[in-house]
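Here is the file final36.cif (mmCIF, C-alpha atoms).
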data_protein
#
loop_
_atom_site.group_PDB
_atom_site.id
_atom_site.type_symbol
_atom_site.label_atom_id
_atom_site.label_comp_id
_atom_site.auth_asym_id
_atom_site.auth_seq_id
_atom_site.Cartn_x
_atom_site.Cartn_y
_atom_site.Cartn_z
ATOM 1 C CA MET C 20 21.395 83.827 169.553
ATOM 2 C CA THR C 21 22.185 86.261 166.755
ATOM 3 C CA ALA C 22 21.476 84.868 163.312
ATOM 4 C CA LYS C 23 24.420 84.874 160.891
ATOM 5 C CA THR C 24 23.953 86.837 157.726
ATOM 6 C CA THR C 25 25.671 86.222 154.419
ATOM 7 C CA PRO C 26 27.414 89.295 152.958
ATOM 8 C CA THR C 27 25.856 90.399 149.681
ATOM 9 C CA SER C 28 27.459 92.416 146.897
ATOM 10 C CA ASP C 29 26.288 96.009 146.730
ATOM 11 C CA GLN C 30 25.543 96.204 143.027
ATOM 12 C CA SER C 31 25.087 99.969 143.181
ATOM 13 C CA THR C 32 28.559 100.422 144.683
ATOM 14 C CA MET C 33 30.072 98.176 142.026
ATOM 15 C CA ARG C 34 28.369 100.209 139.288
ATOM 16 C CA ASP C 35 29.836 103.344 140.835
ATOM 17 C CA ALA C 36 33.306 101.742 140.803
ATOM 18 C CA ILE C 37 32.944 100.876 137.120
ATOM 19 C CA THR C 38 31.847 104.419 136.330
ATOM 20 C CA VAL C 39 34.863 105.835 138.181
ATOM 21 C CA ALA C 40 37.232 103.442 136.408
ATOM 22 C CA GLN C 41 35.863 104.348 132.998
ATOM 23 C CA ASP C 42 36.109 108.057 133.820
ATOM 24 C CA VAL C 43 39.747 107.670 134.905
ATOM 25 C CA LEU C 44 40.712 105.768 131.772
ATOM 26 C CA GLN C 45 38.919 108.178 129.472
ATOM 27 C CA LYS C 46 40.527 111.242 131.061
ATOM 28 C CA GLU C 47 44.009 109.731 131.040
ATOM 29 C CA SER C 48 43.501 108.604 127.452
ATOM 30 C CA ALA C 49 42.467 112.162 126.531
ATOM 31 C CA ALA C 50 45.579 113.508 128.261
ATOM 32 C CA LEU C 51 47.790 111.155 126.243
ATOM 33 C CA ALA C 52 46.034 112.231 123.049
ATOM 34 C CA THR C 53 46.694 115.862 123.957
ATOM 35 C CA MET C 54 50.414 115.176 124.409
ATOM 36 C CA ALA C 55 50.555 113.144 121.192
ATOM 37 C CA LYS C 56 49.133 116.054 119.199
ATOM 38 C CA GLU C 57 51.761 118.435 120.533
ATOM 39 C CA LEU C 58 54.914 116.826 121.844
ATOM 40 C CA PRO C 59 57.205 118.899 124.065
ATOM 41 C CA ALA C 60 59.191 121.341 121.931
ATOM 42 C CA ASP C 61 62.538 119.857 123.029
ATOM 43 C CA PHE C 62 61.593 116.235 122.312
ATOM 44 C CA VAL C 63 63.808 115.939 119.215
ATOM 45 C CA SER C 64 66.789 117.599 120.902
ATOM 46 C CA ALA C 65 66.358 115.225 123.866
ATOM 47 C CA VAL C 66 66.437 112.238 121.508
ATOM 48 C CA GLU C 67 69.598 113.612 119.882
ATOM 49 C CA ALA C 68 71.228 114.096 123.288
ATOM 50 C CA ILE C 69 70.562 110.456 124.169
ATOM 51 C CA LEU C 70 71.811 109.248 120.789
ATOM 52 C CA ASN C 71 75.031 111.225 121.141
ATOM 53 C CA VAL C 72 75.827 110.197 124.709
ATOM 54 C CA LYS C 73 79.149 108.391 125.111
ATOM 55 C CA GLY C 74 78.281 106.993 128.520
ATOM 56 C CA ARG C 75 74.890 106.083 129.884
ATOM 57 C CA VAL C 76 71.491 107.629 130.500
ATOM 58 C CA VAL C 77 71.086 108.327 134.225
ATOM 59 C CA ILE C 78 67.494 108.750 135.375
ATOM 60 C CA SER C 79 66.500 110.142 138.757
ATOM 61 C CA GLY C 80 63.323 110.995 140.614
ATOM 62 C CA VAL C 81 61.667 110.661 144.005
ATOM 63 C CA GLY C 82 58.389 109.051 145.041
ATOM 64 C CA LYS C 83 56.039 108.107 142.207
ATOM 65 C CA SER C 84 58.337 109.888 139.737
ATOM 66 C CA GLY C 85 61.111 107.594 140.951
ATOM 67 C CA HIS C 86 59.027 104.500 140.256
ATOM 68 C CA ILE C 87 58.330 105.763 136.745
ATOM 69 C CA GLY C 88 62.002 106.610 136.308
ATOM 70 C CA ARG C 89 63.029 103.066 137.163
ATOM 71 C CA LYS C 90 60.726 101.722 134.493
ATOM 72 C CA ILE C 91 62.000 104.170 131.860
ATOM 73 C CA ALA C 92 65.599 103.216 132.686
ATOM 74 C CA ALA C 93 64.744 99.518 132.352
ATOM 75 C CA THR C 94 63.014 100.091 129.020
ATOM 76 C CA MET C 95 65.945 102.027 127.612
ATOM 77 C CA ALA C 96 68.469 99.465 128.822
ATOM 78 C CA SER C 97 66.537 96.626 127.198
ATOM 79 C CA THR C 98 66.273 98.422 123.848
ATOM 80 C CA GLY C 99 69.900 99.288 123.241
ATOM 81 C CA THR C 100 70.452 102.420 125.355
ATOM 82 C CA PRO C 101 72.606 101.726 128.443
ATOM 83 C CA SER C 102 70.684 103.285 131.312
ATOM 84 C CA TYR C 103 70.241 103.056 135.064
ATOM 85 C CA PHE C 104 68.283 104.723 137.864
ATOM 86 C CA VAL C 105 69.744 106.753 140.736
ATOM 87 C CA HIS C 106 67.467 107.788 143.593
ATOM 88 C CA GLY C 107 67.541 111.540 144.130
ATOM 89 C CA ALA C 108 68.196 111.319 147.864
ATOM 90 C CA GLU C 109 70.867 108.640 147.513
ATOM 91 C CA ALA C 110 72.624 110.779 144.912
ATOM 92 C CA SER C 111 73.307 113.346 147.637
ATOM 93 C CA HIS C 112 74.948 110.681 149.789
ATOM 94 C CA GLY C 113 77.575 109.297 147.433
ATOM 95 C CA ASP C 114 75.675 108.002 144.418
ATOM 96 C CA LEU C 115 76.625 111.099 142.427
ATOM 97 C CA GLY C 116 79.861 109.184 141.907
ATOM 98 C CA MET C 117 77.922 106.986 139.480
ATOM 99 C CA VAL C 118 77.345 109.941 137.169
ATOM 100 C CA THR C 119 80.169 110.849 134.779
ATOM 101 C CA PRO C 120 80.714 113.726 132.325
ATOM 102 C CA ASP C 121 80.074 111.252 129.502
ATOM 103 C CA ASP C 122 76.508 110.614 130.698
ATOM 104 C CA VAL C 123 73.193 112.374 130.128
ATOM 105 C CA CYS C 124 70.718 112.835 132.991
ATOM 106 C CA ILE C 125 66.928 112.680 132.886
ATOM 107 C CA LEU C 126 65.397 114.181 136.020
ATOM 108 C CA ILE C 127 61.693 113.722 136.713
ATOM 109 C CA SER C 128 59.633 115.966 138.979
ATOM 110 C CA ASN C 129 56.023 116.884 138.322
ATOM 111 C CA SER C 130 56.352 120.099 140.325
ATOM 112 C CA GLY C 131 59.897 120.792 139.197
ATOM 113 C CA GLU C 132 60.717 121.759 142.783
ATOM 114 C CA THR C 133 61.604 118.378 144.335
ATOM 115 C CA ALA C 134 64.172 119.190 147.005
ATOM 116 C CA GLU C 135 65.932 115.819 146.735
ATOM 117 C CA LEU C 136 66.858 116.569 143.103
ATOM 118 C CA ARG C 137 68.659 119.808 143.959
ATOM 119 C CA ASP C 138 72.118 118.272 144.385
ATOM 120 C CA ILE C 139 72.051 116.130 141.248
ATOM 121 C CA THR C 140 70.754 119.115 139.281
ATOM 122 C CA LEU C 141 73.653 121.287 140.504
ATOM 123 C CA TYR C 142 76.082 118.439 139.792
ATOM 124 C CA THR C 143 75.019 118.299 136.136
ATOM 125 C CA ARG C 144 75.474 122.053 135.837
ATOM 126 C CA ARG C 145 78.893 121.989 137.485
ATOM 127 C CA PHE C 146 80.278 119.286 135.195
ATOM 128 C CA ASN C 147 78.391 120.233 132.009
ATOM 129 C CA ILE C 148 76.421 116.979 131.939
ATOM 130 C CA PRO C 149 73.450 117.272 129.547
ATOM 131 C CA LEU C 150 70.224 117.555 131.539
ATOM 132 C CA ILE C 151 66.782 116.508 130.307
ATOM 133 C CA ALA C 152 63.938 117.501 132.634
ATOM 134 C CA ILE C 153 60.395 116.113 132.671
ATOM 135 C CA SER C 154 57.893 118.284 134.548
ATOM 136 C CA SER C 155 54.479 119.890 134.222
ATOM 137 C CA LYS C 156 55.766 123.282 135.414
ATOM 138 C CA ILE C 157 57.705 125.044 132.673
ATOM 139 C CA ASN C 158 58.802 127.866 134.973
ATOM 140 C CA SER C 159 60.001 125.579 137.773
ATOM 141 C CA THR C 160 63.556 125.550 139.084
ATOM 142 C CA LEU C 161 64.291 122.182 137.464
ATOM 143 C CA MET C 162 62.983 123.193 134.049
ATOM 144 C CA GLN C 163 64.883 126.468 134.103
ATOM 145 C CA ALA C 164 68.106 124.569 134.793
ATOM 146 C CA ALA C 165 67.567 121.954 132.068
ATOM 147 C CA ASP C 166 69.179 121.833 128.630
ATOM 148 C CA HIS C 167 66.171 119.984 127.215
ATOM 149 C CA LYS C 168 62.737 120.696 128.666
ATOM 150 C CA LEU C 169 60.039 118.029 128.269
ATOM 151 C CA ASN C 170 56.977 119.829 129.542
ATOM 152 C CA LEU C 171 53.870 117.748 130.297
ATOM 153 C CA PRO C 172 50.520 119.178 129.156
ATOM 154 C CA PRO C 173 48.538 121.100 131.812
ATOM 155 C CA VAL C 174 45.925 118.479 132.670
ATOM 156 C CA PRO C 175 44.610 117.744 136.183
ATOM 157 C CA GLU C 176 45.213 114.573 138.160
ATOM 158 C CA VAL C 177 42.193 112.286 137.928
ATOM 159 C CA CYS C 178 41.983 111.271 141.579
ATOM 160 C CA SER C 179 39.014 112.593 143.580
ATOM 161 C CA ILE C 180 41.140 115.133 145.502
ATOM 162 C CA GLY C 181 43.236 116.140 142.508
ATOM 163 C CA LYS C 182 46.516 115.534 144.319
ATOM 164 C CA ALA C 183 47.645 111.920 143.955
ATOM 165 C CA PRO C 184 50.007 111.380 140.982
ATOM 166 C CA THR C 185 47.821 109.698 138.386
ATOM 167 C CA THR C 186 47.528 111.505 135.070
ATOM 168 C CA SER C 187 50.990 113.021 135.478
ATOM 169 C CA THR C 188 52.677 109.660 136.048
ATOM 170 C CA THR C 189 50.813 108.123 133.105
ATOM 171 C CA LEU C 190 52.009 110.955 130.873
ATOM 172 C CA THR C 191 55.571 110.651 132.155
ATOM 173 C CA LEU C 192 55.640 106.893 131.591
ATOM 174 C CA ALA C 193 54.287 107.289 128.068
ATOM 175 C CA LEU C 194 56.766 110.071 127.312
ATOM 176 C CA GLY C 195 59.579 107.814 128.527
ATOM 177 C CA ASP C 196 58.353 105.072 126.185
ATOM 178 C CA ALA C 197 58.256 107.597 123.334
ATOM 179 C CA LEU C 198 61.866 108.598 124.038
ATOM 180 C CA ALA C 199 63.052 104.989 124.272
ATOM 181 C CA VAL C 200 61.335 103.881 121.074
ATOM 182 C CA ALA C 201 62.398 106.962 119.108
ATOM 183 C CA VAL C 202 66.024 106.337 120.128
ATOM 184 C CA MET C 203 65.622 102.626 119.415
ATOM 185 C CA GLU C 204 64.385 103.368 115.888
ATOM 186 C CA GLN C 205 67.212 105.825 115.237
ATOM 187 C CA ARG C 206 69.774 103.253 116.357
ATOM 188 C CA GLY C 207 68.284 100.606 114.075
ATOM 189 C CA PHE C 208 67.869 98.302 117.058
ATOM 190 C CA ASN C 209 66.758 94.918 115.671
ATOM 191 C CA ALA C 210 65.220 91.662 116.820
ATOM 192 C CA ASP C 211 68.594 89.929 117.226
ATOM 193 C CA GLN C 212 69.784 92.618 119.619
ATOM 194 C CA PHE C 213 66.478 92.521 121.483
ATOM 195 C CA GLN C 214 66.793 88.781 122.013
ATOM 196 C CA THR C 215 70.328 89.270 123.349
ATOM 197 C CA PHE C 216 68.926 91.457 126.127
ATOM 198 C CA HIS C 217 65.948 89.126 126.767
ATOM 199 C CA PRO C 218 67.396 85.595 126.866
ATOM 200 C CA GLY C 219 65.012 84.396 129.557
ATOM 201 C CA GLY C 220 61.264 84.033 129.817
ATOM 202 C CA LYS C 221 58.675 84.123 127.083
ATOM 203 C CA LEU C 222 60.228 87.071 125.251
ATOM 204 C CA GLY C 223 63.489 85.203 124.960
ATOM 205 C CA SER C 224 61.870 82.077 123.580
ATOM 206 C CA GLN C 225 59.711 84.044 121.143
ATOM 207 C CA MET C 226 62.789 85.808 119.768
ATOM 208 C CA SER C 227 64.950 82.679 119.508
ATOM 209 C CA GLN C 228 66.099 81.645 116.061
ATOM 210 C CA VAL C 229 65.956 78.148 114.633
ATOM 211 C CA HIS C 230 69.732 77.627 114.743
ATOM 212 C CA GLN C 231 69.643 78.113 118.519
ATOM 213 C CA LEU C 232 67.201 75.231 119.030
ATOM 214 C CA MET C 233 67.786 72.837 116.135
ATOM 215 C CA HIS C 234 69.719 69.559 116.165
ATOM 216 C CA GLY C 235 72.967 69.808 114.224
ATOM 217 C CA VAL C 236 74.530 67.865 111.375
ATOM 218 C CA ASP C 237 75.588 64.905 113.524
ATOM 219 C CA SER C 238 71.950 64.228 114.435
ATOM 220 C CA LEU C 239 70.534 64.295 110.903
ATOM 221 C CA PRO C 240 68.648 61.187 109.658
ATOM 222 C CA ILE C 241 70.416 61.107 106.279
ATOM 223 C CA VAL C 242 69.958 58.352 103.675
ATOM 224 C CA ALA C 243 70.955 57.971 100.031
ATOM 225 C CA ALA C 244 68.437 57.765 97.206
ATOM 226 C CA ASN C 245 69.394 54.155 96.414
ATOM 227 C CA ASP C 246 69.243 52.913 100.016
ATOM 228 C CA ASP C 247 66.773 50.119 100.517
ATOM 229 C CA MET C 248 63.904 50.560 102.920
ATOM 230 C CA SER C 249 65.382 48.394 105.646
ATOM 231 C CA GLU C 250 68.219 50.925 105.909
ATOM 232 C CA VAL C 251 65.763 53.838 105.804
ATOM 233 C CA LEU C 252 63.599 52.395 108.585
ATOM 234 C CA LEU C 253 66.665 51.768 110.726
ATOM 235 C CA THR C 254 67.797 55.387 110.277
ATOM 236 C CA MET C 255 64.353 56.795 111.034
ATOM 237 C CA THR C 256 64.067 54.696 114.179
ATOM 238 C CA SER C 257 67.548 55.397 115.504
ATOM 239 C CA LYS C 258 67.428 59.175 114.958
ATOM 240 C CA GLY C 259 63.951 59.549 116.427
ATOM 241 C CA PHE C 260 62.590 62.406 114.308
ATOM 242 C CA GLY C 261 60.036 60.376 112.354
ATOM 243 C CA VAL C 262 61.645 61.357 109.033
ATOM 244 C CA ALA C 263 64.579 60.516 106.817
ATOM 245 C CA MET C 264 66.427 63.020 104.608
ATOM 246 C CA VAL C 265 67.372 61.868 101.114
ATOM 247 C CA VAL C 266 70.667 63.580 100.274
ATOM 248 C CA GLU C 267 72.547 63.538 96.963
ATOM 249 C CA GLY C 268 75.734 65.467 96.301
ATOM 250 C CA GLY C 269 75.452 66.973 99.750
ATOM 251 C CA LYS C 270 72.082 68.585 98.981
ATOM 252 C CA LEU C 271 68.619 67.680 100.243
ATOM 253 C CA LYS C 272 66.665 66.015 97.432
ATOM 254 C CA GLY C 273 63.713 64.593 99.323
ATOM 255 C CA LEU C 274 62.155 63.716 102.637
ATOM 256 C CA ILE C 275 60.547 60.506 103.825
ATOM 257 C CA SER C 276 57.869 60.837 106.487
ATOM 258 C CA ASP C 277 55.563 58.392 108.244
ATOM 259 C CA GLY C 278 52.914 59.409 105.727
ATOM 260 C CA ASP C 279 55.147 58.374 102.829
ATOM 261 C CA LEU C 280 55.664 54.988 104.467
ATOM 262 C CA ARG C 281 51.925 54.440 104.879
ATOM 263 C CA ARG C 282 51.179 55.424 101.278
ATOM 264 C CA ASN C 283 53.628 52.812 100.018
ATOM 265 C CA MET C 284 52.884 50.086 102.543
ATOM 266 C CA SER C 285 51.769 47.471 99.980
ATOM 267 C CA ASP C 286 55.250 47.031 98.466
ATOM 268 C CA LEU C 287 57.327 49.206 100.789
ATOM 269 C CA MET C 288 60.283 46.837 101.274
ATOM 270 C CA GLY C 289 60.757 46.432 97.530
ATOM 271 C CA LYS C 290 61.455 50.141 96.952
ATOM 272 C CA THR C 291 64.369 52.483 97.552
ATOM 273 C CA ALA C 292 64.459 55.711 99.480
ATOM 274 C CA GLY C 293 64.421 57.810 96.328
ATOM 275 C CA GLU C 294 61.312 56.082 95.018
ATOM 276 C CA ILE C 295 59.053 56.942 97.936
ATOM 277 C CA ALA C 296 60.516 60.265 99.135
ATOM 278 C CA SER C 297 58.583 63.508 98.727
ATOM 279 C CA THR C 298 60.743 65.486 96.322
ATOM 280 C CA ASP C 299 59.614 68.965 97.352
ATOM 281 C CA PRO C 300 59.953 68.932 101.138
ATOM 282 C CA VAL C 301 59.241 71.968 103.306
ATOM 283 C CA THR C 302 62.529 73.442 104.497
ATOM 284 C CA ILE C 303 63.525 76.443 106.583
ATOM 285 C CA GLN C 304 66.720 78.400 107.103
ATOM 286 C CA PRO C 305 68.611 78.628 110.394
ATOM 287 C CA ASP C 306 68.019 82.357 110.908
ATOM 288 C CA LEU C 307 64.223 81.997 110.877
ATOM 289 C CA LEU C 308 62.523 82.908 114.143
ATOM 290 C CA ALA C 309 61.548 79.842 116.162
ATOM 291 C CA VAL C 310 57.978 81.115 116.484
ATOM 292 C CA GLN C 311 57.753 81.235 112.675
ATOM 293 C CA ALA C 312 58.981 77.654 112.450
ATOM 294 C CA LEU C 313 56.261 76.615 114.887
ATOM 295 C CA ALA C 314 53.659 78.348 112.731
ATOM 296 C CA ILE C 315 54.834 76.379 109.674
ATOM 297 C CA LEU C 316 54.686 73.102 111.576
ATOM 298 C CA ASN C 317 51.151 73.830 112.754
ATOM 299 C CA GLU C 318 49.987 74.994 109.344
ATOM 300 C CA ARG C 319 51.411 71.936 107.518
ATOM 301 C CA LYS C 320 50.395 69.575 110.323
ATOM 302 C CA ILE C 321 53.885 68.054 110.446
ATOM 303 C CA SER C 322 56.177 67.387 113.392
ATOM 304 C CA SER C 323 59.640 68.277 112.096
ATOM 305 C CA LEU C 324 61.374 70.531 109.586
ATOM 306 C CA ALA C 325 64.624 70.159 107.693
ATOM 307 C CA VAL C 326 66.929 73.160 108.071
ATOM 308 C CA THR C 327 69.036 73.984 105.007
ATOM 309 C CA ASP C 328 71.468 76.707 103.988
ATOM 310 C CA ASP C 329 71.195 78.902 100.893
ATOM 311 C CA ASP C 330 72.582 76.096 98.717
ATOM 312 C CA GLY C 331 70.099 73.486 99.899
ATOM 313 C CA VAL C 332 72.625 71.678 102.081
ATOM 314 C CA PRO C 333 70.999 70.253 105.251
ATOM 315 C CA VAL C 334 72.495 71.825 108.374
ATOM 316 C CA GLY C 335 69.983 70.772 110.983
ATOM 317 C CA ILE C 336 66.541 69.526 111.882
ATOM 318 C CA ILE C 337 64.013 70.874 114.357
ATOM 319 C CA HIS C 338 61.123 68.999 115.940
ATOM 320 C CA ILE C 339 57.968 70.522 117.346
ATOM 321 C CA HIS C 340 58.905 69.148 120.759
ATOM 322 C CA ASP C 341 62.134 71.187 120.676
ATOM 323 C CA LEU C 342 60.080 74.360 120.236
ATOM 324 C CA LEU C 343 57.559 73.497 122.921
ATOM 325 C CA ARG C 344 60.277 72.603 125.414
ATOM 326 C CA ALA C 345 61.894 75.985 124.777
ATOM 327 C CA GLY C 346 58.612 77.726 125.550
ATOM 328 C CA VAL C 347 57.865 78.862 122.001
ATOM 329 C CA VAL C 348 54.066 79.149 121.889
#

Please, can you express the file's structure as structure tokens?
Amino acid sequence: MTAKTTPTSDQSTMRDAITVAQDVLQKESAALATMAKELPADFVSAVEAILNVKGRVVISGVGKSGHIGRKIAATMASTGTPSYFVHGAEASHGDLGMVTPDDVCILISNSGETAELRDITLYTRRFNIPLIAISSKINSTLMQAADHKLNLPPVPEVCSIGKAPTTSTTLTLALGDALAVAVMEQRGFNADQFQTFHPGGKLGSQMSQVHQLMHGVDSLPIVAANDDMSEVLLTMTSKGFGVAMVVEGGKLKGLISDGDLRRNMSDLMGKTAGEIASTDPVTIQPDLLAVQALAILNERKISSLAVTDDDGVPVGIIHIHDLLRAGVV
């Protein structure tokens, strides 16, 4: 009978893997630093071409460049620049119909000689569609045809055989981010617009504003300053926020919390709402980011916040549970 052996980790091999990983990251980081020091000469003109486009930004590539192109298109689309990806090969079989004279094209090819991009390149030349090329070969066919040449720095791929797209795709992805953010800044793209394009998931919840999550006027636990405490307790219980808002002349004058009730427990029922209310309550405005409201709640160790307009008129209330249910963390 052959004895079973338990596989053991080869610590030497793992150390080698760590060394390789660190070497890859350091070399790619150095390549990015090189490009940051000297951006492609046509970078500004490429940004201007994207800003001036009446249609959309069409991005195309094949293989790894295609994967990077899809990501760049998605980034641009989500930051205020309508954009989509067309596969180079599919363009030759009908998808060129997606490209209009009002568009601008970004074609990606590390070698600049990708055969599948030939037809879309010729199409842009035929119909005078602005062409931005990203490549590491300045003298390539693609770069010679382009209106705006974004040349990658001459750094080697970091894989062991020097062939697999590694450094070049990292540089292309980063350059795409640089284009998208530069255009975004020039457009004045703001947080409200960003949230419009990211309504779902954590990004959407983080960018939500208070007015999108708060309870409106009909839900407010409003009492008058001269209301007796039996009325106040009834309002607090029925509304379910653990507070009562003291309102005079339509404006918020005070807030009654569970803490205020406990501090006045000895003669609570003999007082009015105005006598026990905190007269300087914490309030927020409806356009505040929900994540900022959550920070205030945590900092003050309270469970709800009154929402008021510029004149101090209560327009809503938000509870910490509303924020947590919406995924604001």

Can you list every residue of range 228-267 of chain C that has an atom at most 7 Å from range 336-343 of chain C, with its nearest atom pair and the distance in Å to one decimal, using only C-alpha atoms, ordered by chain then number, as a tab-separated table?
residue	atom	partner	partner_atom	distance
C:Leu232	CA	C:Asp341	CA	6.7
C:Met233	CA	C:Ile337	CA	4.6
C:His234	CA	C:Ile336	CA	5.3
C:Gly235	CA	C:Ile336	CA	6.8
C:Leu239	CA	C:Ile336	CA	6.7
C:Phe260	CA	C:His338	CA	6.9

Which residues fall under the PyMOL selection byres ((chain C and resi 87) around 10) in this file, as a ChimeraX atom specification? /C:78-86,88-93,127,188-189,191-193,195

Residue IDs satisfying the PyMOL selection byres ((chain C and resi 59) around 10), as a list in words: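 Residues picked by the PyMOL selection byres ((chain C and resi 59) around 10): Met54, Ala55, Lys56, Glu57, Leu58, Ala60, Asp61, Phe62, Val63, Ala65, Ile153, His167, Lys168, Leu169, Asn170, Leu171, Pro172 and Leu194 of chain C.
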
Residues at most 7 Å from range 114-120 of chain C, counting all atoms listed in the file, excluding those fewer than 4 positions away in the same chain, as a ChimeraX atom specification? /C:109-110,139,146-148

Report the residues retrieved by the PyMOL selection byres ((chain C and resi 162) around 12) from the displayed file, expressed as a ChimeraX atom specification. /C:61,125-133,136-137,140,150-161,163-171

Could you please take those selected residues and save C-alpha atoms as a CSV table (one decimal), in the frame of the given file?
chain,number,residue,atom,x,y,z
C,61,ASP,CA,62.5,119.9,123.0
C,125,ILE,CA,66.9,112.7,132.9
C,126,LEU,CA,65.4,114.2,136.0
C,127,ILE,CA,61.7,113.7,136.7
C,128,SER,CA,59.6,116.0,139.0
C,129,ASN,CA,56.0,116.9,138.3
C,130,SER,CA,56.4,120.1,140.3
C,131,GLY,CA,59.9,120.8,139.2
C,132,GLU,CA,60.7,121.8,142.8
C,133,THR,CA,61.6,118.4,144.3
C,136,LEU,CA,66.9,116.6,143.1
C,137,ARG,CA,68.7,119.8,144.0
C,140,THR,CA,70.8,119.1,139.3
C,150,LEU,CA,70.2,117.6,131.5
C,151,ILE,CA,66.8,116.5,130.3
C,152,ALA,CA,63.9,117.5,132.6
C,153,ILE,CA,60.4,116.1,132.7
C,154,SER,CA,57.9,118.3,134.5
C,155,SER,CA,54.5,119.9,134.2
C,156,LYS,CA,55.8,123.3,135.4
C,157,ILE,CA,57.7,125.0,132.7
C,158,ASN,CA,58.8,127.9,135.0
C,159,SER,CA,60.0,125.6,137.8
C,160,THR,CA,63.6,125.6,139.1
C,161,LEU,CA,64.3,122.2,137.5
C,163,GLN,CA,64.9,126.5,134.1
C,164,ALA,CA,68.1,124.6,134.8
C,165,ALA,CA,67.6,122.0,132.1
C,166,ASP,CA,69.2,121.8,128.6
C,167,HIS,CA,66.2,120.0,127.2
C,168,LYS,CA,62.7,120.7,128.7
C,169,LEU,CA,60.0,118.0,128.3
C,170,ASN,CA,57.0,119.8,129.5
C,171,LEU,CA,53.9,117.7,130.3

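The two atoms in question, CA of Leu307 in chain C and CA of Glu267 in chain C, are spaced 24.6 Å apart.
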
What gap, in Å, lies between CA of Val326 in chain C and CA of Val229 in chain C?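 So the two atoms, CA of Val326 in chain C and CA of Val229 in chain C, lie 8.3 Å apart.
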
Measure the distance from CA of Ile321 in chain C to CA of Arg282 in chain C in Å and round it to one decimal.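 About the pair CA of Ile321 in chain C and CA of Arg282 in chain C: they are 15.8 Å apart.
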
Which residue gives the smallest distance to Gln231 in chain C among C:Gly278, C:Gly269, C:Pro305, C:Pro184, with all atoms listed in the file counted?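 Nearest candidate to Gln231 in chain C out of C:Gly278, C:Gly269, C:Pro305, C:Pro184: C:Pro305.
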
For a quick check of understanding, using only C-alpha atoms, which of C:Asn71, C:Ser297, C:Ser179, C:Thr94 has the smallest distance to Val39 in chain C?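 Smallest separation from Val39 in chain C among the options: C:Ser179.
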
Could you tell me which of C:Leu274, C:Ala134, C:Val200, C:Ala52 comes closest to Val174 in chain C if we count all atoms listed in the file? C:Ala52

Kindly provide, as number ranges by chain, the polymer residues lying within 9 Å of (58.0, 61.3, 114.6), counting only C-alpha atoms and using the coordinates exactly as they appear in the file. C: 255-256, 259-262, 276-277, 321-323, 338

Mind listing whatever residues come within 9 Å of the point (70.8, 100.7, 132.6)? Use only C-alpha atoms, file coordinates, and give them as a list in words. Arg75, Val76, Val77, Ala92, Ala93, Thr94, Met95, Ala96, Ser97, Thr100, Pro101, Ser102, Tyr103 and Phe104 of chain C

With N, CA, C and O atoms as the goal, would you fill in the gaps in range 228-236 of chain C and present it as a compact mmCIF listing (two decimals), in the frame of the given file?
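Saved file part_20.txt follows:
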# COMPACT_ATOMS: atom_id res chain seq x y z
N GLN C 228 66.04 82.07 117.46
CA GLN C 228 66.10 81.64 116.06
C GLN C 228 66.27 80.14 115.98
O GLN C 228 66.70 79.49 116.94
N VAL C 229 65.95 79.60 114.82
CA VAL C 229 65.96 78.15 114.63
C VAL C 229 67.32 77.55 114.96
O VAL C 229 67.42 76.50 115.60
N HIS C 230 68.41 78.21 114.53
CA HIS C 230 69.73 77.63 114.74
C HIS C 230 70.08 77.47 116.22
O HIS C 230 70.95 76.67 116.57
N GLN C 231 69.38 78.22 117.09
CA GLN C 231 69.64 78.11 118.52
C GLN C 231 68.98 76.89 119.15
O GLN C 231 69.35 76.47 120.25
N LEU C 232 67.98 76.34 118.46
CA LEU C 232 67.20 75.23 119.03
C LEU C 232 67.31 73.94 118.23
O LEU C 232 66.93 72.88 118.73
N MET C 233 67.80 74.01 117.01
CA MET C 233 67.79 72.84 116.14
C MET C 233 68.86 71.82 116.53
O MET C 233 69.82 72.13 117.25
N HIS C 234 68.70 70.59 116.04
CA HIS C 234 69.72 69.56 116.16
C HIS C 234 70.68 69.70 114.98
O HIS C 234 70.25 69.94 113.85
N GLY C 235 71.96 69.56 115.25
CA GLY C 235 72.97 69.81 114.22
C GLY C 235 73.19 68.66 113.27
O GLY C 235 72.47 67.65 113.27
N VAL C 236 74.24 68.81 112.46
CA VAL C 236 74.53 67.86 111.38
C VAL C 236 74.70 66.44 111.87
O VAL C 236 74.25 65.48 111.22
